[in-house]
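J.: If you scroll down you'll find the structure; I have some questions about it.
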Amino acid sequence: MKKTLISPFSRRSFLKTTGALVATTAMPFGMRAAFAAGKLTVGFVYVGAKDDYGYNQAHAEGAAAVKAMEGVTVLEEENVPESVDVVNTMESMINFDGAALLFPTSFGYYDPYIKETAPKYADVRFQHCGGLWKEGDPSNAGSYFGYIGMGQYLNGVVAGHMTKSKKIGFVAAKPIPQVLNNINSFLLGARAVDPEITCQVIFTGNWSLPVKEAEATNALADQGADVITCHVDGPKVVVETAAARGCYVCGYHVDQSTLAPEKYLTGAEWNWPHVYTDFVKKALAGEPIDNFVRGGLTDGFIKMSPLGPSVTEAAAKQFEAVKAEIMKGGFAAIKGPLKDNKGNVVATAGQAFPETDIALESMDYLVEGVIGSTN
């Protein structure tokens with residue numbers, strides 16, 4: 001079932017001028033109406049383009065899987081800033097199209113925008129990717145994420161085998177906990193191969209800044225990094241720039257191997273089709289969706305890109321062995337004795353923080369061996 005959507009610009013401009021009127025008529029168009037005759041309208045909101053070879057494309061692949069489900073209408077809107085624009089988009093999906101389940105996918109959508117909007121629409125479910133829902137937040141909101149740090153750890157294992165300089169590099173957007181966990185995991189995976197390896201990180205300051213991402217990648221190559229990965233929304237620039245400089249690349253979000261076939265080693269990918277179809281099945285069945293949802297390799301939340309042609313036999317063997325350990329559950333990349341790169345103890349001897357440990361979602365440090373600062 002397909003629906004003709006209001007354009008992004010008309011959605012937002014209309015809501016700016018008629019928001020008060022629409023809000024007074026919101027209730028009849030919520031979940032009760034959406035579930036009439038077994039139908040469900042689901043909205044996906046992206047901060048960037050759906051074909052960005054990265055974060056937004058991964059979510060769009062999940063939305064495509066939902067589109068194939070019987071009785072479901074899917075709404076999508078891309079390039080929505082982390083601002084009041086997301087409120088306008090969500091409210092238009094609810095009030096114009098009867099959306100009862102929303103997936104606003106960007107980190108900055110949650111606070112304050114979802115937290116302030118959700119109480120106005122008690123019969124609509126707001127599931128946010130990456131936000132840390134906590135007790136006291138709206139009960140019709142929730143957060144979901146995957147333990148993709150384990151994917152970056154596996155990236156690091158391969159990088160540890162493939163680096164000649166013992167210098168690897170990371171292009172990152174912002175020093176938030178999820179990004180820091182990926183950086184730390186990448187370095188610790190590499191150090192499981194060779195404890196002398198270091199990782200230089202450069203923060204660009206935002207999720208999508210192609211010029212700065214290219215500059216950062218070139219700077220890492222100039223400093224001797226010969227394996228590079230990233231945590232930005234669209235890794236395309238990083239992958240292509242690194243490969244052009246002769247560096248190996250580990251991907252992120254989706255499979256970018258077609259961008260650098262000879263230099264792509266593997267990548268940490270999201271498996272959102274599995275996650276989103278599960279959420280929608282629950283909604284269609286009238287089952288509750290938990291406020292706090294997480295999963296890893298074992299749960300099908302993340303997956304790894306196939307190993308590239310340049311990966312050595314030794315690298316592939318250790319990659320598969322570590323992956324098997326992670327699949328058992330309870331794997332800890334952060335374990336003692338371990339210090340941060342300022343000399344502070346973050347894990348004592350015998351102490352470990354498994355992938356499921358909630359403490360990792362407030363990570364504010366870079367581990368010893370990472371060259372860079374969170375400030």
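Residues in the structure tokens are numbered from 1 in each chain, the chains being A, B, ... in the order shown, and ligands are numbered from 1 in the order shown.
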Env of region 205-207 of chain A: 9 Å cut, atoms = only C-alpha atoms, seq-sep filter 5 positions within chain, self excluded. Answer as a list in words.
T.: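 The neighbour list is Ala172, Ala173, Lys174, Pro175, Lys212, His231, Val232, Asp233 and Gly234 of chain A.
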J.: Kindly save the residues from that selection, with all heavy atoms included, as an mmCIF file, in the first residue's frame.
T.:
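The file below, result_28.cif, is the result:
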data_model
loop_
_atom_site.group_PDB
_atom_site.id
_atom_site.type_symbol
_atom_site.label_atom_id
_atom_site.label_comp_id
_atom_site.auth_asym_id
_atom_site.auth_seq_id
_atom_site.Cartn_x
_atom_site.Cartn_y
_atom_site.Cartn_z
ATOM 1 N N ALA A 172 35.891 10.854 13.473
ATOM 2 C CA ALA A 172 34.689 10.808 14.303
ATOM 3 C C ALA A 172 33.939 12.133 14.249
ATOM 4 O O ALA A 172 34.537 13.194 14.039
ATOM 5 C CB ALA A 172 35.057 10.484 15.748
ATOM 6 N N ALA A 173 32.641 12.062 14.440
ATOM 7 C CA ALA A 173 31.815 13.271 14.397
ATOM 8 C C ALA A 173 31.861 14.017 15.724
ATOM 9 O O ALA A 173 32.396 15.126 15.813
ATOM 10 C CB ALA A 173 30.378 12.909 14.038
ATOM 11 N N LYS A 174 31.299 13.422 16.772
ATOM 12 C CA LYS A 174 31.181 14.081 18.066
ATOM 13 C C LYS A 174 31.614 13.135 19.181
ATOM 14 O O LYS A 174 31.397 11.924 19.086
ATOM 15 C CB LYS A 174 29.727 14.508 18.317
ATOM 16 C CG LYS A 174 29.146 15.457 17.280
ATOM 17 C CD LYS A 174 27.700 15.799 17.624
ATOM 18 C CE LYS A 174 27.083 16.731 16.595
ATOM 19 N NZ LYS A 174 25.701 17.123 16.945
ATOM 20 N N PRO A 175 32.172 13.664 20.265
ATOM 21 C CA PRO A 175 32.619 12.798 21.365
ATOM 22 C C PRO A 175 31.488 12.409 22.316
ATOM 23 O O PRO A 175 31.541 12.662 23.517
ATOM 24 C CB PRO A 175 33.674 13.664 22.064
ATOM 25 C CG PRO A 175 33.214 15.073 21.832
ATOM 26 C CD PRO A 175 32.601 15.074 20.451
ATOM 27 N N LYS A 212 35.441 18.467 5.900
ATOM 28 C CA LYS A 212 36.244 18.191 7.088
ATOM 29 C C LYS A 212 36.594 16.704 7.196
ATOM 30 O O LYS A 212 37.672 16.350 7.691
ATOM 31 C CB LYS A 212 35.507 18.662 8.342
ATOM 32 C CG LYS A 212 35.485 20.178 8.504
ATOM 33 C CD LYS A 212 34.993 20.575 9.879
ATOM 34 C CE LYS A 212 35.081 22.094 10.077
ATOM 35 N NZ LYS A 212 34.633 22.494 11.433
ATOM 36 N N HIS A 231 33.247 7.101 12.413
ATOM 37 C CA HIS A 231 31.870 7.161 12.894
ATOM 38 C C HIS A 231 31.336 8.537 12.526
ATOM 39 O O HIS A 231 31.395 9.476 13.304
ATOM 40 C CB HIS A 231 31.793 6.930 14.404
ATOM 41 C CG HIS A 231 30.382 6.838 14.914
ATOM 42 N ND1 HIS A 231 30.064 6.207 16.084
ATOM 43 C CD2 HIS A 231 29.201 7.319 14.425
ATOM 44 C CE1 HIS A 231 28.756 6.290 16.301
ATOM 45 N NE2 HIS A 231 28.228 6.984 15.296
ATOM 46 N N VAL A 232 30.892 8.647 11.292
ATOM 47 C CA VAL A 232 30.192 9.817 10.767
ATOM 48 C C VAL A 232 28.960 9.270 10.046
ATOM 49 O O VAL A 232 28.843 8.075 9.813
ATOM 50 C CB VAL A 232 31.065 10.647 9.803
ATOM 51 C CG1 VAL A 232 32.283 11.214 10.528
ATOM 52 C CG2 VAL A 232 31.520 9.809 8.604
ATOM 53 N N ASP A 233 28.037 10.137 9.697
ATOM 54 C CA ASP A 233 26.805 9.633 9.080
ATOM 55 C C ASP A 233 27.048 8.985 7.725
ATOM 56 O O ASP A 233 26.512 7.916 7.439
ATOM 57 C CB ASP A 233 25.788 10.773 8.935
ATOM 58 C CG ASP A 233 24.893 10.899 10.163
ATOM 59 O OD1 ASP A 233 25.128 10.170 11.144
ATOM 60 O OD2 ASP A 233 23.979 11.739 10.145
ATOM 61 N N GLY A 234 27.830 9.627 6.877
ATOM 62 C CA GLY A 234 28.082 9.096 5.539
ATOM 63 C C GLY A 234 29.555 8.814 5.328
ATOM 64 O O GLY A 234 30.319 9.717 4.982
#
J.: Using only C-alpha atoms, what table do you get, as JSON lines, when you list each residue of region 279-303 of chain A with an atom no more than 10 Å from region 150-169 of chain A, its nearest pair of atoms, and their distance in Å rounded to one decimal, rows by chain then rising number?
T.:
{"residue": "A:Gly296", "atom": "CA", "partner": "A:Met150", "partner_atom": "CA", "distance": 7.8}
{"residue": "A:Leu297", "atom": "CA", "partner": "A:Met150", "partner_atom": "CA", "distance": 8.0}
{"residue": "A:Ile302", "atom": "CA", "partner": "A:Gly151", "partner_atom": "CA", "distance": 7.5}
{"residue": "A:Lys303", "atom": "CA", "partner": "A:Gly151", "partner_atom": "CA", "distance": 7.3}
J.: Filtering to C-alpha atoms, could you give me those residues as a short mmCIF file (atom, residue, chain, number, x, y, z; two decimals), in the first residue's frame?
T.:
data_model
loop_
_atom_site.label_atom_id
_atom_site.label_comp_id
_atom_site.auth_asym_id
_atom_site.auth_seq_id
_atom_site.Cartn_x
_atom_site.Cartn_y
_atom_site.Cartn_z
CA GLY A 296 24.26 -7.29 19.36
CA LEU A 297 25.65 -9.77 16.85
CA ILE A 302 24.48 -5.82 13.85
CA LYS A 303 26.48 -7.78 11.30
#
J.: Name the residues in contact with Lys263 (chain A) at a cut-off of 9 Å, using only C-alpha atoms, excluding same-chain residues fewer than 3 positions from it; report them as a ChimeraX atom specification.
T.: /A:239,242-243,246-250,257,260,308-310
J.: Could you pull out all residues of region 87-286 of chain A with a DSSP call of strand (DSSP E or B) and give them as a PyMOL selection string?
T.: chain A and resi 101-104+125-129+141-146+167-172+198-203+227-231+248-253+264-270
J.: I'd like to know which residues of region 110-244 of chain A are alpha helix (DSSP H) (by DSSP, run on the backbone); could you write them as a short mmCIF file (atom, residue, chain, number, x, y, z; two decimals) with C-alpha atoms, in the first residue's frame?
T.:
data_model
loop_
_atom_site.label_atom_id
_atom_site.label_comp_id
_atom_site.auth_asym_id
_atom_site.auth_seq_id
_atom_site.Cartn_x
_atom_site.Cartn_y
_atom_site.Cartn_z
CA LYS A 115 10.68 14.25 25.09
CA GLU A 116 8.55 17.37 24.69
CA THR A 117 6.39 16.08 21.82
CA GLY A 149 31.20 -1.38 19.42
CA MET A 150 31.71 -5.12 19.08
CA GLY A 151 31.74 -4.62 15.31
CA GLN A 152 34.39 -1.95 15.66
CA TYR A 153 36.36 -4.29 17.90
CA LEU A 154 36.34 -6.84 15.08
CA ASN A 155 37.34 -4.09 12.65
CA GLY A 156 40.26 -3.44 14.98
CA VAL A 157 41.31 -7.09 15.02
CA VAL A 158 41.66 -7.07 11.23
CA ALA A 159 43.31 -3.63 11.30
CA GLY A 160 45.82 -4.93 13.84
CA HIS A 161 46.95 -7.58 11.39
CA MET A 162 46.99 -5.32 8.35
CA PRO A 177 29.38 7.92 24.45
CA GLN A 178 28.47 5.76 21.44
CA VAL A 179 31.24 7.30 19.35
CA LEU A 180 33.82 7.04 22.12
CA ASN A 181 32.93 3.39 22.65
CA ASN A 182 33.52 2.73 18.94
CA ILE A 183 36.90 4.48 18.98
CA ASN A 184 38.02 2.63 22.10
CA SER A 185 36.78 -0.71 20.78
CA PHE A 186 38.59 -0.24 17.47
CA LEU A 187 41.90 0.42 19.21
CA LEU A 188 41.45 -2.40 21.74
CA GLY A 189 40.64 -4.87 18.96
CA ALA A 190 43.87 -3.88 17.23
CA ARG A 191 45.83 -4.13 20.49
CA PRO A 210 32.31 16.02 3.89
CA VAL A 211 35.07 18.62 3.50
CA LYS A 212 36.24 18.19 7.09
CA GLU A 213 35.97 14.42 6.77
CA ALA A 214 38.28 14.49 3.75
CA GLU A 215 40.69 16.82 5.55
CA ALA A 216 40.71 14.57 8.62
CA THR A 217 41.33 11.44 6.56
CA ASN A 218 44.21 13.08 4.73
CA ALA A 219 45.66 14.30 8.02
CA LEU A 220 45.56 10.78 9.44
CA ALA A 221 47.31 9.43 6.35
CA ASP A 222 49.91 12.21 6.60
CA LYS A 236 31.71 7.55 1.60
CA VAL A 237 34.20 10.45 1.69
CA VAL A 238 36.36 8.79 4.34
CA VAL A 239 36.42 5.45 2.51
CA GLU A 240 37.25 6.92 -0.90
CA THR A 241 39.80 9.40 0.45
CA ALA A 242 41.59 6.77 2.53
CA ALA A 243 41.75 4.32 -0.36
CA ALA A 244 43.09 7.04 -2.66
#
J.: What does the distance between CA of Tyr276 (chain A) and CA of Ala332 (chain A) come to in Å, to one decimal place?
T.: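 Here the two named atoms are 26.5 Å from each other.
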J.: Near region 110-113 of chain A, within 10 Å and counting only C-alpha atoms, which residues show up once chain neighbours fewer than 5 positions away are dropped, as a list in words?
T.: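 The neighbour list is Glu82, Ser83, Val84, Asp85, Val86, Val87, Asn88, Met90, Pro104, Thr105, Ala118, Phe126, Gln127, His128, Cys129, Gly130, Gly131, Leu132, Trp133, Ala141, Gly142 and Ser143 of chain A.
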J.: Go through A:Leu40, A:Val311, A:Gly369, A:Val227 one by one, measure the shortest atom-to-atom distance of each to Glu262 (chain A) using only C-alpha atoms, and give the residue with the smallest value.
T.: A:Val311
J.: Can you check which parts of region 43-122 of chain A lie within 9 Å of region 278-293 of chain A? Per residue, the shortest pair of atoms and distance in Å to one decimal, counting only C-alpha atoms, sorted by chain and number, as a Markdown table.
T.:
| residue | atom | partner | partner_atom | distance |
| --- | --- | --- | --- | --- |
| A:Val66 | CA | A:Val280 | CA | 7.4 |
| A:Met69 | CA | A:Val280 | CA | 8.8 |
| A:Gly71 | CA | A:Leu284 | CA | 8.6 |
| A:Val72 | CA | A:Val280 | CA | 8.5 |
| A:Leu101 | CA | A:Ala283 | CA | 8.0 |
J.: Can I get the selected residues back with C-alpha atoms, as a short mmCIF file (atom, residue, chain, number, x, y, z; two decimals), in the first residue's frame?
T.:
data_model
loop_
_atom_site.label_atom_id
_atom_site.label_comp_id
_atom_site.auth_asym_id
_atom_site.auth_seq_id
_atom_site.Cartn_x
_atom_site.Cartn_y
_atom_site.Cartn_z
CA VAL A 66 8.85 -2.67 6.69
CA MET A 69 4.93 -6.03 5.31
CA GLY A 71 -1.09 -3.87 6.28
CA VAL A 72 1.65 -1.29 6.78
CA LEU A 101 4.57 4.46 15.28
#
J.: For a quick check of understanding, using only C-alpha atoms, which of A:Val74, A:Leu307, A:Val367, A:Val322 has the smallest distance to Lys335 (chain A)?
T.: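 Comparing A:Val74, A:Leu307, A:Val367, A:Val322 against Lys335 (chain A), the winner is A:Val367.
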